[in-house]
Amino acid sequence: YNNFNRIDQEVKDMIKKISWAWKPAACMLALTLCVSCGDLDLVPEGETTLDKTADLELLLNRKTIRSNPNENLGILVNEDYGCDFSTVKTRLRNKETLTYAYLAYDESVDRALLSTKDYCYTNIYEYVNYMNVLLSKIGSSRGNEQQKPALIAEAKISRAYYLFLAANIYAAQYDAATVAEQNGIAYPTDANVDQKPQLPLQQCYDMMLSDCSDENIALLPTRGNVSRITRCGGNAVRALILFQMKKYDEALTYASKALELNSQIEDRSVIKTTSRWELKPSSSNNILYVSPLYDMNEYPNYEQLSWETAALFEPGDYVKDYAQSSGEPYWDLDYGEMDSGIEGCLEAYGDAYCNPWGITVEQMMYLAAECKIRTGHVQDGLDLVNKVRTFRIDPDYYTPFAATGEQEAMALLQKAKFIECIGSYVNFFDRRRWNTEDAYKKTIIRDLRDLGQYSIAPDSKLWVQPFPVRVMQNNPTFRQNY
């Protein structure tokens with residue numbers, strides 16, 4: 001299923017003979033198998049016969065990225081050491097790996113050469129291609145005409161969200177002072193087999209905002225399942241794009257609209273009684289759930305938090321201090337130190353359905369909080385942070401955050417948000433954004449005890465992930481963005 005680039009022409013020809021109209025369940029499989037890994041955006045080879053609106057709508061249901069943010073992004077931001085069972089000392093010995101480059105913050109490693117497989121990139125563009133197939137065929141499809149505008153709007157906003165992820169992993173951080181000089185990513189808008197150009201970063205963001213327009217958001221339903229983008233999700237996606245562009249006034253507007261439609265915070269206080277952290281994909285705090293595909297029920301199981309991250313937990317944190325799995329602490333010190341070899345490391349040991357690539361209510365609340373702090377409403381912003389913290393910290397330990405100035409408030413927010421967003425892409429995206437601002441940029445120092453200290457500067461080229469080798473081979477006009 002996932003070895004797309006190994007499917008030979010004979011198998012592809014056989015797949016093309018599948019009757020799409022008679023076998024809607026086979027529709028998703030056959031479309032996936034007809035995808036080619038040869039081009040950067042995984043375009044389908046030839047035409048499909050997807051001619052029913054209901055069959056096209058199935059393409060909106062599959063939202064996964066077969067990768068864990070803690071494998072690379074979490075290591076870079078010193079959230080964790082990854083989730084490898086070999087010790088960190090062993091990982092540092094093998095210098096021909098991306099894991100070594102990120103653990104040691106070694107810019108001399110040829111990461112582009114080592115990036116032979118990148119499921120994150122592959123799955124992002126696979127899904128973008130699904131959306132482009134839908135958009136190219138829905139006009140002539142047989143089905144409810146009144147339903148089509150909402151499906152078109154959802155496909156465009158879904159495309160914008162996935163390419164927002166790609167831009168913030170494989171291109172430079174958006175900064176108004178430098179964006180005119182930055183190359184971005186490919187932003188495919190059709191399902192043709194032609195190669196797609198690498199666009200300027202500003203154009204990529206302009207296209208994201210166009211896809212996620214007010215007009216498209218208004219067409220979305222107000223209710224739906226967590227794998228589909230509702231009107232709440234549409235506003236949340238636009239808020240994230242504007243937030244990463246550092247347009248804090250505008251981002252606040254859309255975050256507030258999203259929270260008006262869903263403000264259900266996950267209540268972790270029950271953990272003190274049950275000793276179980278049972279977060280489910282259907283949890284009401286999930287605005288959009290995007291899984292890591294494999295071991296979905298366990299994520300972020302085996303993530304090994306750096307001791308610096310472990311030190312950020314507040315006393316009375318419900319998960320850290322009360323959650324257990326099979327009689328062991330959820331964030332387990334024994335397993336963490338044994339597997340990583342680093343004193344103070346905590347390892348996840350349990351089956352929570354964290355939302356690594358999606359959007360949560362808490363994420364929107366922290367986004368809105370930072371926007372309020374940035375725009376002069378310091379305590380209002382911290383009040384939103386406190387609203388989340390009341391569901392995270394035992395009342396016996398809880399003290400509300402208070403501050404009079406922006407930088408004091410931001411320091412409190414950054415610490416709490418880092419713990420809230422463990423296992424997701426958010427901590428990496430935040431640090432990239434802050435690193436372009438004089439007030440908040442910083443050099444991260446990773447202290448590996450007797451293995452030494454390593455550091456990453458705010459302007460390090462490591463903050464941009466390499467395009468995979470195959471993309472560079474098949475698209476000679478592409479340039480790495482670091």
# chains A, B, ... in the order shown; residues from 1 in each chain; ligands from 1

call {"tool": "residues_around", "arguments": {"residues": "Val77 (chain A)", "least_positions_apart": "2", "cutoff": "8 Å", "atoms": "only C-alpha atoms", "output": "count of residues only"}}
result
9

call {"tool": "closest_atom_pairs", "arguments": {"of": "region 185-298 of chain A", "to": "region 152-172 of chain A", "cutoff": "10 Å", "atoms": "only C-alpha atoms", "output": "Markdown table"}}
result
| residue | atom | partner | partner_atom | distance |
| --- | --- | --- | --- | --- |
| A:Ile185 | CA | A:Ala167 | CA | 6.1 |
| A:Ala186 | CA | A:Leu163 | CA | 8.5 |
| A:Tyr187 | CA | A:Leu163 | CA | 7.1 |
| A:Pro188 | CA | A:Arg159 | CA | 9.1 |
| A:Thr189 | CA | A:Arg159 | CA | 8.8 |
| A:Pro200 | CA | A:Ala171 | CA | 9.9 |
| A:Leu201 | CA | A:Ala171 | CA | 7.6 |
| A:Cys204 | CA | A:Ala167 | CA | 7.9 |
| A:Tyr205 | CA | A:Phe164 | CA | 7.9 |
| A:Met207 | CA | A:Ala160 | CA | 7.7 |
| A:Met208 | CA | A:Ala160 | CA | 4.7 |
| A:Leu209 | CA | A:Ala160 | CA | 7.6 |
| A:Ser210 | CA | A:Ala160 | CA | 8.6 |
| A:Asp211 | CA | A:Lys156 | CA | 5.1 |
| A:Cys212 | CA | A:Ile157 | CA | 4.9 |
| A:Ser213 | CA | A:Ile157 | CA | 8.2 |
| A:Glu215 | CA | A:Ala153 | CA | 8.4 |
| A:Asn216 | CA | A:Ala153 | CA | 4.8 |
| A:Ile217 | CA | A:Ala153 | CA | 7.0 |
| A:Ala218 | CA | A:Ala153 | CA | 8.7 |
| A:Leu219 | CA | A:Ala153 | CA | 6.5 |
| A:Leu220 | CA | A:Glu154 | CA | 6.7 |
| A:Pro221 | CA | A:Glu154 | CA | 9.4 |
| A:Arg228 | CA | A:Glu154 | CA | 8.1 |
| A:Ile229 | CA | A:Glu154 | CA | 6.3 |
| A:Thr230 | CA | A:Glu154 | CA | 7.9 |
| A:Arg231 | CA | A:Glu154 | CA | 9.2 |
| A:Gly233 | CA | A:Ile157 | CA | 9.0 |
| A:Gly234 | CA | A:Ile157 | CA | 6.6 |
| A:Asn235 | CA | A:Ile157 | CA | 9.7 |
| A:Ala236 | CA | A:Tyr161 | CA | 9.8 |
| A:Val237 | CA | A:Tyr161 | CA | 6.2 |
| A:Arg238 | CA | A:Tyr161 | CA | 8.5 |
| A:Leu240 | CA | A:Phe164 | CA | 8.6 |
| A:Ile241 | CA | A:Phe164 | CA | 6.9 |
| A:Gln244 | CA | A:Asn168 | CA | 8.6 |

call {"tool": "write_last_selection", "arguments": {"atoms": "N, CA and C atoms", "output": "short mmCIF file (atom, residue, chain, number, x, y, z; two decimals), in the first residue's frame"}}
result
data_model
loop_
_atom_site.label_atom_id
_atom_site.label_comp_id
_atom_site.auth_asym_id
_atom_site.auth_seq_id
_atom_site.Cartn_x
_atom_site.Cartn_y
_atom_site.Cartn_z
N ILE A 185 7.78 26.40 -1.69
CA ILE A 185 7.52 25.00 -2.01
C ILE A 185 6.71 24.94 -3.30
N ALA A 186 6.40 23.75 -3.74
CA ALA A 186 5.44 23.59 -4.83
C ALA A 186 4.03 23.76 -4.26
N TYR A 187 3.17 24.42 -5.02
CA TYR A 187 1.78 24.60 -4.60
C TYR A 187 0.88 24.13 -5.74
N PRO A 188 0.73 22.81 -5.91
CA PRO A 188 -0.05 22.29 -7.03
C PRO A 188 -1.53 22.64 -6.91
N THR A 189 -2.11 23.02 -8.01
CA THR A 189 -3.55 23.34 -8.04
C THR A 189 -4.29 22.51 -9.07
N PRO A 200 7.88 31.22 -5.17
CA PRO A 200 8.37 32.10 -4.10
C PRO A 200 7.53 31.92 -2.84
N LEU A 201 8.15 32.10 -1.71
CA LEU A 201 7.46 31.86 -0.44
C LEU A 201 6.25 32.78 -0.29
N CYS A 204 3.34 31.41 -2.12
CA CYS A 204 2.75 30.26 -1.44
C CYS A 204 1.77 30.70 -0.36
N TYR A 205 2.16 31.69 0.43
CA TYR A 205 1.26 32.18 1.48
C TYR A 205 0.05 32.89 0.89
N MET A 207 -1.40 32.10 -1.83
CA MET A 207 -2.28 31.04 -2.31
C MET A 207 -2.97 30.32 -1.15
N MET A 208 -2.28 30.15 -0.04
CA MET A 208 -2.92 29.57 1.15
C MET A 208 -4.11 30.42 1.58
N LEU A 209 -3.88 31.73 1.66
CA LEU A 209 -4.95 32.62 2.11
C LEU A 209 -6.10 32.67 1.11
N SER A 210 -5.78 32.55 -0.17
CA SER A 210 -6.82 32.51 -1.19
C SER A 210 -7.66 31.24 -1.06
N ASP A 211 -6.99 30.11 -0.86
CA ASP A 211 -7.72 28.85 -0.66
C ASP A 211 -8.57 28.90 0.60
N CYS A 212 -8.06 29.57 1.61
CA CYS A 212 -8.75 29.64 2.91
C CYS A 212 -9.45 30.99 3.06
N SER A 213 -10.17 31.40 2.05
CA SER A 213 -10.82 32.72 2.03
C SER A 213 -12.07 32.72 2.91
N GLU A 215 -14.94 33.53 1.95
CA GLU A 215 -16.02 32.97 1.15
C GLU A 215 -16.04 31.45 1.26
N ASN A 216 -14.86 30.83 1.22
CA ASN A 216 -14.80 29.37 1.35
C ASN A 216 -15.15 28.91 2.76
N ILE A 217 -14.68 29.63 3.76
CA ILE A 217 -15.01 29.27 5.15
C ILE A 217 -16.51 29.31 5.37
N ALA A 218 -17.17 30.31 4.82
CA ALA A 218 -18.62 30.47 5.01
C ALA A 218 -19.41 29.32 4.40
N LEU A 219 -18.84 28.62 3.43
CA LEU A 219 -19.54 27.51 2.79
C LEU A 219 -19.46 26.21 3.59
N LEU A 220 -18.59 26.16 4.58
CA LEU A 220 -18.39 24.93 5.34
C LEU A 220 -19.53 24.69 6.32
N PRO A 221 -19.82 23.43 6.64
CA PRO A 221 -20.85 23.14 7.65
C PRO A 221 -20.36 23.52 9.04
N ARG A 228 -12.85 15.89 9.21
CA ARG A 228 -13.30 16.82 8.17
C ARG A 228 -13.20 18.25 8.69
N ILE A 229 -12.99 19.19 7.78
CA ILE A 229 -12.85 20.59 8.17
C ILE A 229 -14.22 21.26 8.18
N THR A 230 -14.65 21.67 9.36
CA THR A 230 -15.89 22.41 9.52
C THR A 230 -15.58 23.91 9.48
N ARG A 231 -16.61 24.72 9.72
CA ARG A 231 -16.39 26.16 9.73
C ARG A 231 -15.43 26.56 10.85
N GLY A 233 -12.96 24.70 11.86
CA GLY A 233 -11.65 24.34 11.33
C GLY A 233 -11.15 25.30 10.27
N GLY A 234 -12.05 25.78 9.42
CA GLY A 234 -11.65 26.75 8.41
C GLY A 234 -11.11 28.02 9.01
N ASN A 235 -11.80 28.52 10.04
CA ASN A 235 -11.30 29.71 10.74
C ASN A 235 -9.97 29.42 11.44
N ALA A 236 -9.84 28.22 12.00
CA ALA A 236 -8.60 27.85 12.68
C ALA A 236 -7.43 27.78 11.70
N VAL A 237 -7.66 27.22 10.52
CA VAL A 237 -6.59 27.14 9.52
C VAL A 237 -6.14 28.53 9.11
N ARG A 238 -7.08 29.42 8.84
CA ARG A 238 -6.71 30.78 8.45
C ARG A 238 -5.97 31.49 9.58
N LEU A 240 -4.03 30.07 11.81
CA LEU A 240 -2.67 29.52 11.87
C LEU A 240 -1.78 30.14 10.81
N ILE A 241 -2.31 30.30 9.59
CA ILE A 241 -1.52 30.88 8.51
C ILE A 241 -1.13 32.31 8.85
N GLN A 244 1.46 32.48 11.69
CA GLN A 244 2.83 32.18 11.29
C GLN A 244 3.42 33.31 10.45
#

call {"tool": "atom_distance", "arguments": {"atom1": "CA of Pro329 (chain A)", "atom2": "CA of Ser269 (chain A)"}}
result
16.1 Å

call {"tool": "residues_around", "arguments": {"residues": "Lys280 (chain A)", "least_positions_apart": "2", "cutoff": "10 Å", "atoms": "only C-alpha atoms", "output": "list in words"}}
result
Trp277, Glu278, Ser282, Ser283, Ser284, Asn285, Asn286, Tyr289, Met296, Asn297, Asp351, Ala352, Tyr353, Cys354 and Asn355 of chain A

call {"tool": "residues_around", "arguments": {"residues": "Ser141 (chain A)", "least_positions_apart": "5", "cutoff": "12 Å", "atoms": "only C-alpha atoms", "output": "number ranges by chain"}}
result
A: 21, 49-57, 133-136, 147-148

call {"tool": "write_last_selection", "arguments": {"atoms": "N, CA, C and O atoms", "output": "mmCIF file, in the first residue's frame"}}
result
data_model
loop_
_atom_site.group_PDB
_atom_site.id
_atom_site.type_symbol
_atom_site.label_atom_id
_atom_site.label_comp_id
_atom_site.auth_asym_id
_atom_site.auth_seq_id
_atom_site.Cartn_x
_atom_site.Cartn_y
_atom_site.Cartn_z
ATOM 1 N N ALA A 21 -17.081 3.201 -10.079
ATOM 2 C CA ALA A 21 -18.485 3.445 -9.747
ATOM 3 C C ALA A 21 -19.083 2.283 -8.976
ATOM 4 O O ALA A 21 -19.908 2.464 -8.096
ATOM 5 N N THR A 49 -12.012 7.258 -13.362
ATOM 6 C CA THR A 49 -13.414 7.441 -13.756
ATOM 7 C C THR A 49 -14.250 7.826 -12.550
ATOM 8 O O THR A 49 -15.395 7.420 -12.418
ATOM 9 N N LEU A 50 -13.670 8.562 -11.633
ATOM 10 C CA LEU A 50 -14.425 9.079 -10.492
ATOM 11 C C LEU A 50 -15.460 10.063 -11.023
ATOM 12 O O LEU A 50 -15.141 11.208 -11.318
ATOM 13 N N ASP A 51 -16.698 9.630 -11.097
ATOM 14 C CA ASP A 51 -17.709 10.498 -11.697
ATOM 15 C C ASP A 51 -18.909 10.734 -10.787
ATOM 16 O O ASP A 51 -19.883 11.355 -11.193
ATOM 17 N N LYS A 52 -18.858 10.225 -9.562
ATOM 18 C CA LYS A 52 -19.924 10.460 -8.598
ATOM 19 C C LYS A 52 -19.433 11.399 -7.499
ATOM 20 O O LYS A 52 -18.338 11.223 -6.963
ATOM 21 N N THR A 53 -20.262 12.371 -7.146
ATOM 22 C CA THR A 53 -19.899 13.313 -6.087
ATOM 23 C C THR A 53 -19.625 12.578 -4.777
ATOM 24 O O THR A 53 -18.687 12.913 -4.053
ATOM 25 N N ALA A 54 -20.427 11.555 -4.491
ATOM 26 C CA ALA A 54 -20.252 10.809 -3.237
ATOM 27 C C ALA A 54 -18.910 10.103 -3.194
ATOM 28 O O ALA A 54 -18.269 10.008 -2.137
ATOM 29 N N ASP A 55 -18.437 9.575 -4.353
ATOM 30 C CA ASP A 55 -17.139 8.926 -4.381
ATOM 31 C C ASP A 55 -16.014 9.938 -4.197
ATOM 32 O O ASP A 55 -15.019 9.679 -3.516
ATOM 33 N N LEU A 56 -16.163 11.100 -4.815
ATOM 34 C CA LEU A 56 -15.153 12.144 -4.654
ATOM 35 C C LEU A 56 -15.069 12.620 -3.209
ATOM 36 O O LEU A 56 -13.988 12.926 -2.704
ATOM 37 N N GLU A 57 -16.203 12.657 -2.546
ATOM 38 C CA GLU A 57 -16.214 13.117 -1.149
ATOM 39 C C GLU A 57 -15.388 12.196 -0.256
ATOM 40 O O GLU A 57 -14.843 12.639 0.767
ATOM 41 N N VAL A 133 -7.533 16.244 -7.451
ATOM 42 C CA VAL A 133 -8.385 15.339 -8.226
ATOM 43 C C VAL A 133 -9.847 15.677 -7.984
ATOM 44 O O VAL A 133 -10.657 15.775 -8.921
ATOM 45 N N LEU A 134 -10.203 15.857 -6.718
ATOM 46 C CA LEU A 134 -11.587 16.216 -6.384
ATOM 47 C C LEU A 134 -11.991 17.509 -7.091
ATOM 48 O O LEU A 134 -13.063 17.591 -7.712
ATOM 49 N N LEU A 135 -11.146 18.518 -6.999
ATOM 50 C CA LEU A 135 -11.481 19.819 -7.565
ATOM 51 C C LEU A 135 -11.592 19.761 -9.089
ATOM 52 O O LEU A 135 -12.397 20.483 -9.686
ATOM 53 N N SER A 136 -10.801 18.903 -9.722
ATOM 54 C CA SER A 136 -10.833 18.827 -11.182
ATOM 55 C C SER A 136 -12.043 18.068 -11.698
ATOM 56 O O SER A 136 -12.449 18.259 -12.848
ATOM 57 N N GLN A 147 -24.598 20.310 -2.824
ATOM 58 C CA GLN A 147 -23.534 19.859 -1.929
ATOM 59 C C GLN A 147 -22.154 20.274 -2.436
ATOM 60 O O GLN A 147 -21.202 20.402 -1.652
ATOM 61 N N LYS A 148 -22.021 20.481 -3.715
ATOM 62 C CA LYS A 148 -20.715 20.682 -4.327
ATOM 63 C C LYS A 148 -19.954 21.911 -3.827
ATOM 64 O O LYS A 148 -18.741 21.823 -3.584
#

call {"tool": "select_by_dssp", "arguments": {"residues": "region 125-191 of chain A", "states": "alpha helix (DSSP H)", "output": "ChimeraX atom specification"}}
result
/A:125-137,148-170

call {"tool": "select_by_dssp", "arguments": {"residues": "region 275-306 of chain A", "states": "strand (DSSP E or B)", "output": "PDB file with C-alpha atoms, in the first residue's frame"}}
result
ATOM      1  CA  ASN A 286     -10.091  18.156  18.523  1.00  0.00           C
ATOM      2  CA  ILE A 287     -10.952  20.680  15.819  1.00  0.00           C
ATOM      3  CA  LEU A 288      -9.214  18.599  13.144  1.00  0.00           C
ATOM      4  CA  SER A 291      -3.042  10.990  12.797  1.00  0.00           C
ATOM      5  CA  GLN A 304      11.795  10.468  25.071  1.00  0.00           C
ATOM      6  CA  LEU A 305      11.552  13.970  26.502  1.00  0.00           C
TER       7      LEU A 305
END

call {"tool": "residues_around", "arguments": {"residues": "Ile393 (chain A)", "least_positions_apart": "5", "cutoff": "12 Å", "atoms": "only C-alpha atoms", "output": "short mmCIF file (atom, residue, chain, number, x, y, z; two decimals) with C-alpha atoms, in the first residue's frame"}}
result
data_model
loop_
_atom_site.label_atom_id
_atom_site.label_comp_id
_atom_site.auth_asym_id
_atom_site.auth_seq_id
_atom_site.Cartn_x
_atom_site.Cartn_y
_atom_site.Cartn_z
CA ASP A 267 -10.61 18.00 31.07
CA ARG A 268 -7.66 16.12 32.52
CA SER A 269 -8.78 16.42 36.14
CA VAL A 270 -10.38 12.97 35.89
CA ILE A 271 -6.90 11.47 35.65
CA LYS A 272 -6.42 12.08 39.36
CA PHE A 313 6.25 20.45 33.87
CA GLU A 314 4.41 22.34 36.59
CA PRO A 315 3.92 20.64 39.96
CA GLY A 316 0.51 18.98 40.00
CA ASP A 317 0.38 18.36 36.24
CA TYR A 318 -2.37 15.76 35.88
CA VAL A 319 -0.61 13.65 33.24
CA LYS A 320 2.90 13.94 34.64
CA ASP A 321 2.00 13.34 38.30
CA TYR A 322 -1.09 11.09 38.18
CA VAL A 385 -3.68 30.46 29.18
CA ASN A 386 -5.07 30.09 32.70
CA LYS A 387 -8.33 28.76 31.26
CA VAL A 388 -6.42 25.83 29.80
CA TYR A 398 -2.48 25.79 40.69
CA THR A 399 -1.65 29.51 40.77
CA PRO A 400 -3.02 31.80 38.05
CA ALA A 416 3.12 26.32 29.50
CA ILE A 419 4.25 21.27 27.60
CA GLU A 420 0.72 21.53 26.18
#

call {"tool": "atom_distance", "arguments": {"atom1": "CA of Asn123 (chain A)", "atom2": "CA of Leu279 (chain A)"}}
result
24.5 Å

call {"tool": "closest_residue", "arguments": {"among": "A:Leu151, A:Leu462, A:Ala112, A:Met245", "to": "Thr436 (chain A)", "atoms": "only C-alpha atoms"}}
result
A:Met245
